[in-house]
Structure formats: structure tokens, C-alpha cells
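A quick write-up on the structure given underneath.
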Amino acid sequence: MLGREHLIEAARLKWGPENKKLSKAHELRFGTYGSKSVDLNDLVWHDHETGEGGGIVELCREMGVSDGNGASGNGQPWITYDYKDEQGDLLFQVVRKPGHKFLQRQPNPAPGDHGGEDWIWNLKDVRRVPYRLPQLVNSAGLVIVVEGEKDADNLARLGYVTTTNPGGAGKWLAEYSHYLAGRAVVVIPDNDEPGLKHARDVMNSLGGIASAVTELRLDGCKDVSVWIDKGGTREAFEALLDEAFRKAREAPPPPTGLFDMTALKAETFDELQWIVPGFIPEGVTLIGGKPKIGKSWLMLCTALAVADGNAVLGKVCEQRTVIYYALEDTKRRLKARTEKLIGLAVDWPKNMLVSLDLPNLDHGCVDRLRTDITAHHPGLVIIDTLAAIRGVKGKNEDQYQCDYRTMRAILDVSRETNTAIVVIHHVRKQTAEDVFDMISGTMGLSAVADTLLVLTFAEDEQRRIAVRGRDVDPEDKLVTFDPDTGDWIVTGDFEPEDKAPSKTITKIVGVLAASPTGLTPKQVADKLGANYETIKRALARNRGKHGIEDTGYGTYAYKSTRS
């Protein structure tokens with residue numbers, strides 16, 4: 001039976017959220033001036049601007065609101081389609097209301113925070129997945145992709161593994177394709193222009209991921225459900241599948257991409273394009289560095305230099321449009337840092353575009369990147385940081401596969417759009433003989449990236465930038481960073497510590513050698529009048545070198561002192 005909660009839901013659908021300041025316990029007001037109202041005692045509504053009004057049944061019928069049994073004001077049922085994760089837990093629902101009206105909602109984890117309702121009528125922060133995912137991941141072999149949950153359910157009743165995507169035609173995300181990796185897939189389009197285009201998009205997305213992709217058109221029927229309603233059976237559908245597979249086998253093979261060396265000899269290629277000469281080339285660059293080492297400062301400097309055609313790290317950059325996804329920043333911090341870097345007396349670049357949000361790879365990151373790049377044609381895209389867009393490891397993949405898939409998606413966008421993309425990432429706490437082994441995560445990240453750049457601490461308040469890539473010469477430089485101005489200056493080539501002690505280490509050894517007992521890092525810093533953090537890092541990195549030994553009691557000593 002329709003009641004208060006149904007009247008409230010219908011009013012919210014019609015007018016938006018209630019005006020809490022003007023509402024009372026028995027009467028809710030809507031609109032800026034409260035000109036629309038619902039009486040919760042008499043279950044009636046009024047629009048005081050137009051003079052219209054009526055009872056609960058009329059309003060619920062208009063907005064398609066049902067009672068607890070799924071009946072709306074006109075007696076027509078709601079139909080709900082559950083989207084679940086791999087374990088079968090509900091993520092969200094697609095709700096079909098009378099009038100072919102589709103809405104999406106998620107379970108309310110805290111009803112007290114959302115007006116006491118059991119559902120939140122949006123998919124904000126909800127992981128998107130294909131329909132019937134538990135059946136998909138717990139099966140093998142053929143998968144049939146259709147347009148719409150009703151079609152998927154009807155085909156499943158015939159005994160097939162089927163799926164679709166929420167939102168209908170044009171809403172297939174590249175992330176959905178990875179759930180069909182290695183499977184034979186048949187795509188059945190709705191017989192209209194949006195449906196045919198949607199099917200082409202799905203098939204293109206599955207290319208190189210599914211083991212085989214075949215299209216099956218049901219001539220004379222709008223969709224699978226209509227075909228079944230006309231008497232379609234499993235036996236008849238099997239015959240249609242056999243015919244579709246036969247046509248696919250007899251079709252001329254698509255180009256394989258093979259070419260002979262004579263053709264390659266005749267080709268010419270443009271020279272490698274540099275975004276920052278010697279440091280950041282075209283393609284995908286993965287930049288790793290410890291927290292607070294200045295990665296974001298360096299990338300902001302780089303973005304501004306490229307947007308204005310100025311220099312960074314002593315290299316003049318060609319002017320290009322830049323998109324900077326500053327996913328761990330705020331407008332306040334960005335403005336303060338930019339003021340330090342270029343000041344307020346000059347114009348700030350219009351061709352540097354900034355966003356503080358980017359969905360992760362499970363929720364449309366790739367589509368957003370393609371959309372932004374197509375709209376603005378940047379020469380450089382910076383994503384700060386990888387952690388903010390990383391997808392969730394799938395049930396059937398290990399961490400290497402997840403990391404590889406993550407970077408591969410970004411690499412594909414870079415190649416499709418011919419855009420350089422820089423992704424900022426963290427390094428491990430532990431040091432490594434090869435500095436590139438410090439990049440956090442599995443080798444799946446570094447295996448895909450065209451270029452790796454690692455930013456680490458060196459001696460004497462300096463930092464080290466090491467570059468390695470498929471198409472670039474290795475670089476290993478010492479740089480200084482001034483946090484007061486944001487300036488980065490290359491001071492020379494990096495030399496491994498074990499070749500010769502730095503000036504700082506020489507001073508530390510002198511202090512330790514002159515002390516009859518071990519000294520703490522703080523005591524060493526005080527004796528040298530040096531920065532405590534610098535001395536602490538230098539001692540930790542050089543234990544066992546140059547005569548410096550860790551006593552095990554929070555102090556360091558020169559080995560001859562200990563003996």
C-alpha cells in the first residue's frame with residue numbers, strides 16, 4: 001500500500017531534495033522558497049506557484065514510485081536487476097520503472113545519514129562491473145554479450161553464459177572487456193543504429209583480449225527477447241550460432257600486421273620526440289620517488305615549463321598543451337606552489353589544464369583520458385599519482401597481471417592518441433643495488449612503461465635522477481631542489497657512493513673517529529652544525545662503508561673507535 005515514504009520519494013524525484021530549513025515534521029517543503037509541499041498526514045501535495053495539487057496515487061503514478069510489493073500508483077511493477085561482485089555480494093541495482101524508465105541505485109550503508117532510506121539513487125563511488133559477474137567468472141567457454149539485462153536473463157534461461165553493461169548502448173567500458181579475457185564471445189546487437197554502433201564498440205574493445213569475437217544479428221527482431229517471445233528455442237539458437245561461426249570461419253582473415261624486412265627498409269621515421277630533453281621522451285614514463293622527495297614539485301615545474309616553452313632541469317622544452325591530473329592536491333596548494341615557481345607578475349598558462357579528480361581504472365579512467373585528450377589535444381599528460389587510479393586486483397589474476405593491465409591501459413591510450421603520458425608512483429622503503437628495482441609494485445609496471453625515471457636522495461642535500469628507457473640513452477644526474485623557490489638544478493653526474501666518500505661522509509667520519517664512544521645521528525648533526533635528517537639518512541645509507549659501523553644501540557661509531 002502506498003504510504004508516506006512513497007509520497008516522499010515521488011516528491012523528491014519530481015522536485016529534488018526537500019528544503020530542510022522550511023520543512024516540518026508533518027510537512028515537507030521543496031524549492032528555494034518552499035513553494036511546493038507534501039502533507040504527510042493527509043498524503044497530498046501542492047504546487048503553490050501553479051495552483052496544482054493532488055493525492056498520493058496521482059503523484060506516485062506520474063513518477064513511477066511503487067509500494068513495497070513493487071506496484072506503482074498505476075499498478076505496474078518495478079523490475080530490478082542486481083549487479084554483484086565476484087563473490088555474489090550486491091554492488092548496485094538497475095531499476096526499470098513503468099514507462100521504460102531506467103534508474104540506478106546502491107544499497108545505503110548508513111540509512112541514518114541519507115534520510116532513513118534503504119537506497120541511494122546514484123552510483124557515486126560504486127565499482128562498475130558487467131551484469132551476471134558471478135556466473136561469468138565461475139564459468140568457461142562461450143560468452144554472449146547483449147544490450148540490456150532483460151536479454152541477458154532470457155538467454156541465461158536457455159542455458160547460456162551471458163552479460164551486458166549498465167546504462168545501455170554506448171556505455172560499455174574498456175574495463176569490462178578484461179572479464180572476458182581468453183573467452184570466445186558472441187555479440188548480439190539490438191537492431192537499431194545505436195545498438196549496431198554499441199556492438200561495434202564492444203567488439204573493438206574485446207579485440208586482442210577475447211580469444212575470438214563474432215557478431216550474430218537476429219534479422220526481423222529488435223532484440224533477443226523479442227526473438228524468444230516469437231518462439232525461439234535453444235535448438236534454434238544453436239543453429240544460429242553455428243551459422244555465425246561458419247560465416248566467421250569463411251570470412252577473409254583480417255590483416256595480421258606481418259610485414260617483410262624489405263618493406264621496413266623503405267620506411268622512414270621521425271626522430272624521437274622529447275618533452276624534457278634527456279629526461280622525458282614521448283610514450284609512457286613512470287616516475288618513482290619516495291614521499292616528500294619533491295615528485296609533485298618536479299612535475300608541476302615540468303608542466304609549467306612545457307606549457308610556456310621554458311626550461312626545466314636545464315633543458316628548454318618545446319611548448320605544448322598540458323593536462324595535469326593533480327589527484328593528491330588542492331587548489332590552494334597548487335596556487336601557492338605556482339606562485340613560488342612563476343609569481344603573480346606574469347600570465348599563467350591557459351594551455352595548462354588541471355583536474356583534481358580522475359576515476360580509477362575500474363570506473364572509467366581510460367574513457368575519461370580519451371575524452372579529455374580528444375577535446376584538448378595535449379602534448380603532455382601528467383597523472384599524479386598511480387595509486388589514485390589503480391584498479392582492484394581481479395579474482396583470477398595475480399598482482400603482476402593487475403599491474404601489467406594497469407600500465408597497459410595507459411600505454412594503449414598514449415599510442416592511440418600519440419600523447420606523452422607521465423605517471424607518478426612511489427618507490428619502496430628498502431634500497432636496492434639497481435635503483436630501478438626500488439619502484440613499488442611488481443615488474444608488471446616497469447615492464448610496460450617506455451621510460452623509467454627514479455628520483456632518490458643523494459648526499460649533501462642533493463637528489464639523484466636516474467633515467468632508463470627502450471629508446472633513450474641512460475642518464476644518471478645529481479640535482480638540487482630549493483623548496484623555497486621550487487627550482488631544480490642539475491649539478492653534475494651521479495657517482496656511486498662506494499667510489500669515494502662525499503664531503504658530508506668525510507666530515508661524519510672525522511667526528512666519529514674523534515669520539516671515544518658511539519654517537520647518535522642527533523649528536524653528529526649538532527657537532528657538525530648540519531641538518532639532522534640529512535645526517536640521519538647519510539649514516540643509514542653508509543653503515544658498513546668508509547669505516548662507519550652501526551653499534552646496534554642507536555649510535556654509530558668509527559670502526560677503529562669500537563676496537
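Within each chain, counting starts at residue 1; across the C-alpha cells, chains are named A, B, ... in the order shown, with ligands numbered 1 upward in that order.
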Pull the closest atom pair for each residue of stretch 397-437 of chain A that gets at most 12 Å from stretch 317-322 of chain A, along with the distance in Å to one decimal, counting only C-alpha atoms, ordering rows by chain and then ascending residue number, as CSV.
residue,atom,partner,partner_atom,distance
A:Thr419,CA,A:Val322,CA,10.2
A:Ala420,CA,A:Val322,CA,9.8
A:Ile421,CA,A:Val322,CA,10.0
A:Val422,CA,A:Val322,CA,11.0
For this session: Determine, counting only C-alpha atoms, which protein, DNA and RNA residues have an atom within 12 Å of an atom of A:Arg415; residues of the same chain fewer than 2 positions away are not included. Present the result as number ranges by chain.
Result: A: 282-284, 370, 373, 408-413, 417-421, 449-450
Those selected residues, please, written with C-alpha atoms and delivered as a PDB file, in the first residue's frame.
ATOM      1  CA  GLU A 282      57.322  10.506 -25.964  1.00  0.00           C
ATOM      2  CA  GLY A 283      55.324   7.468 -24.826  1.00  0.00           C
ATOM      3  CA  VAL A 284      54.623   6.491 -21.212  1.00  0.00           C
ATOM      4  CA  ARG A 370      40.413   9.620 -24.185  1.00  0.00           C
ATOM      5  CA  ILE A 373      42.775  14.205 -24.849  1.00  0.00           C
ATOM      6  CA  ARG A 408      48.949  -1.429 -20.462  1.00  0.00           C
ATOM      7  CA  ALA A 409      45.671   0.528 -20.406  1.00  0.00           C
ATOM      8  CA  ILE A 410      47.622   3.791 -20.055  1.00  0.00           C
ATOM      9  CA  LEU A 411      50.109   2.762 -22.754  1.00  0.00           C
ATOM     10  CA  ASP A 412      47.246   1.989 -25.156  1.00  0.00           C
ATOM     11  CA  VAL A 413      45.808   5.481 -24.643  1.00  0.00           C
ATOM     12  CA  THR A 417      46.303   9.409 -29.175  1.00  0.00           C
ATOM     13  CA  ASN A 418      50.035   9.938 -29.833  1.00  0.00           C
ATOM     14  CA  THR A 419      50.313  11.668 -26.458  1.00  0.00           C
ATOM     15  CA  ALA A 420      53.152  11.522 -23.925  1.00  0.00           C
ATOM     16  CA  ILE A 421      51.829  10.401 -20.522  1.00  0.00           C
ATOM     17  CA  ALA A 449      56.389   1.707 -19.415  1.00  0.00           C
ATOM     18  CA  ASP A 450      58.501   3.075 -22.273  1.00  0.00           C
TER      19      ASP A 450
END
Exercise. Which residues, written as a PyMOL selection string, have at least one atom at most 10 Å from A:Lys247, with only C-alpha atoms counted and residues fewer than 5 positions away on the same chain left out?
Worked result: chain A and resi 214-215+241-242+252
Go ahead and dump the residues you just picked, C-alpha atoms, as a PDB file, in the first residue's frame.
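Produced file again-v4.pdb, reproduced below:
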ATOM      1  CA  THR A 214      31.764 -12.998 -33.542  1.00  0.00           C
ATOM      2  CA  GLU A 215      28.647 -10.922 -34.264  1.00  0.00           C
ATOM      3  CA  LEU A 241      25.317 -19.742 -33.553  1.00  0.00           C
ATOM      4  CA  ASP A 242      26.613 -22.453 -35.881  1.00  0.00           C
ATOM      5  CA  PRO A 252      38.694 -13.389 -45.254  1.00  0.00           C
TER       6      PRO A 252
END
Exercise. So which bits of stretch 162-342 of chain A end up helix (DSSP H, G or I) when you DSSP the backbone, as a count of residues only?
Worked result: 76
Exercise. Near stretch 228-238 of chain A, counting only C-alpha atoms, which residues have an atom at most 12 Å away, once you skip same-chain residues fewer than 4 positions from it, shown as a VMD selection string?
Worked result: chain A and resid 144 150 to 160 188 216 to 218 220 to 224 242 to 245
For the residues in that selection, give me C-alpha atoms as a JSON list (two decimals), in the first residue's frame.
[["chain", "number", "residue", "atom", "x", "y", "z"],
["A", 144, "ILE", "CA", 27.21, -13.95, -25.20],
["A", 150, "LYS", "CA", 16.33, -8.49, -19.81],
["A", 151, "ASP", "CA", 18.00, -10.03, -22.86],
["A", 152, "ALA", "CA", 20.83, -11.42, -20.71],
["A", 153, "ASP", "CA", 18.40, -13.06, -18.28],
["A", 154, "ASN", "CA", 16.29, -14.54, -21.09],
["A", 155, "LEU", "CA", 19.33, -16.09, -22.79],
["A", 156, "ALA", "CA", 20.59, -17.38, -19.43],
["A", 157, "ARG", "CA", 17.28, -19.25, -19.07],
["A", 158, "LEU", "CA", 18.19, -21.04, -22.30],
["A", 159, "GLY", "CA", 21.41, -22.18, -20.62],
["A", 160, "TYR", "CA", 23.98, -19.67, -21.91],
["A", 188, "ILE", "CA", 24.24, -9.72, -30.37],
["A", 216, "LEU", "CA", 25.18, -12.51, -34.52],
["A", 217, "ARG", "CA", 22.32, -10.42, -35.91],
["A", 218, "LEU", "CA", 18.73, -11.53, -35.36],
["A", 220, "GLY", "CA", 13.45, -9.25, -38.16],
["A", 221, "CYS", "CA", 13.65, -8.91, -34.37],
["A", 222, "LYS", "CA", 14.59, -5.87, -32.34],
["A", 223, "ASP", "CA", 16.46, -7.93, -29.75],
["A", 224, "VAL", "CA", 16.92, -11.39, -28.24],
["A", 242, "ASP", "CA", 26.61, -22.45, -35.88],
["A", 243, "GLU", "CA", 25.79, -20.29, -38.90],
["A", 244, "ALA", "CA", 27.50, -17.25, -37.33],
["A", 245, "PHE", "CA", 30.64, -19.29, -36.59]]
For this session: Please run DSSP on the backbone and report, as number ranges by chain, all residues within stretch 331-453 of chain A that come out as strand (DSSP E).
Result: A: 352-355, 380-384, 420-426, 451-453
Would you save the residues of that selection, restricted to C-alpha atoms, as a PDB file, in the first residue's frame?
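For reference, part-v9.pdb as written:
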ATOM      1  CA  MET A 352      47.892  24.071 -18.926  1.00  0.00           C
ATOM      2  CA  LEU A 353      44.668  22.357 -17.818  1.00  0.00           C
ATOM      3  CA  VAL A 354      44.331  20.925 -14.313  1.00  0.00           C
ATOM      4  CA  SER A 355      41.915  18.434 -12.791  1.00  0.00           C
ATOM      5  CA  LEU A 380      51.798  16.018 -22.314  1.00  0.00           C
ATOM      6  CA  VAL A 381      49.507  14.371 -19.748  1.00  0.00           C
ATOM      7  CA  ILE A 382      50.630  14.002 -16.121  1.00  0.00           C
ATOM      8  CA  ILE A 383      48.875  11.654 -13.682  1.00  0.00           C
ATOM      9  CA  ASP A 384      49.817  12.305 -10.056  1.00  0.00           C
ATOM     10  CA  ALA A 420      53.152  11.522 -23.925  1.00  0.00           C
ATOM     11  CA  ILE A 421      51.829  10.401 -20.522  1.00  0.00           C
ATOM     12  CA  VAL A 422      53.805  10.672 -17.281  1.00  0.00           C
ATOM     13  CA  VAL A 423      52.600   8.597 -14.313  1.00  0.00           C
ATOM     14  CA  ILE A 424      53.945   9.389 -10.837  1.00  0.00           C
ATOM     15  CA  HIS A 425      54.468   6.492  -8.448  1.00  0.00           C
ATOM     16  CA  HIS A 426      56.234   5.631  -5.193  1.00  0.00           C
ATOM     17  CA  THR A 451      60.724   5.020 -19.878  1.00  0.00           C
ATOM     18  CA  LEU A 452      61.528   4.783 -16.168  1.00  0.00           C
ATOM     19  CA  LEU A 453      62.694   7.750 -14.097  1.00  0.00           C
TER      20      LEU A 453
END
Would you list the contacts of stretch 41-46 of chain A as a PDB file with C-alpha atoms, in the first residue's frame, taking every protein, DNA or RNA residue within 9 Å and counting only C-alpha atoms, but skipping same-chain residues closer than 3 positions in sequence?
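part-v7.pdb, written as the output of this step:
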ATOM      1  CA  GLY A   3       2.277   5.499   2.158  1.00  0.00           C
ATOM      2  CA  ARG A   4       4.405   8.361   3.463  1.00  0.00           C
ATOM      3  CA  LEU A   7       4.963  10.156  -1.326  1.00  0.00           C
ATOM      4  CA  ALA A  11       8.199  14.328  -4.440  1.00  0.00           C
ATOM      5  CA  HIS A  26       4.259  16.733   9.127  1.00  0.00           C
ATOM      6  CA  GLU A  27       5.001  18.807   6.015  1.00  0.00           C
ATOM      7  CA  SER A  35       6.632  26.833  -2.900  1.00  0.00           C
ATOM      8  CA  LYS A  36       5.995  23.107  -3.288  1.00  0.00           C
ATOM      9  CA  SER A  37       4.879  20.900  -0.412  1.00  0.00           C
ATOM     10  CA  VAL A  38       3.628  17.476   0.642  1.00  0.00           C
ATOM     11  CA  GLU A  49       3.143  28.567  -7.717  1.00  0.00           C
ATOM     12  CA  THR A  50       0.938  26.865 -10.301  1.00  0.00           C
ATOM     13  CA  GLY A  51      -2.012  26.106  -8.029  1.00  0.00           C
ATOM     14  CA  GLU A  52      -1.799  22.399  -8.845  1.00  0.00           C
ATOM     15  CA  GLY A  53      -2.128  19.587  -6.356  1.00  0.00           C
ATOM     16  CA  GLY A  54      -3.480  16.135  -5.746  1.00  0.00           C
ATOM     17  CA  GLY A  55      -3.246  12.891  -3.873  1.00  0.00           C
ATOM     18  CA  ILE A  56      -0.540  10.307  -3.380  1.00  0.00           C
ATOM     19  CA  LEU A  59       1.941  11.719  -7.900  1.00  0.00           C
TER      20      LEU A  59
END
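One finds atom CA of A:Ile489 at 10.0 Å from atom CA of A:Arg463.
The residue that comes closest to A:Phe457, out of A:Ile342, A:Val427, A:Val161, A:Ala212 and on the basis of only C-alpha atoms, is A:Val427.
Atom to atom, atom CA of A:Glu18 and atom CA of A:Leu103 stand 20.0 Å apart.
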For this session: Kindly give the distance, in Å, that separates atom CA of A:Ala336 and atom CA of A:Ala311, rounded to a single decimal.
Result: 20.4 Å
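Shortest atom-to-atom contact with A:Pro483 among A:Leu341, A:Leu512, A:Leu539, A:Val392: A:Leu341, counting only C-alpha atoms.
Compared by their closest atoms to A:Gly469, and using only C-alpha atoms, the residues A:Ile280, A:Ala538, A:Cys60, A:Val94 rank with A:Ile280 nearest.
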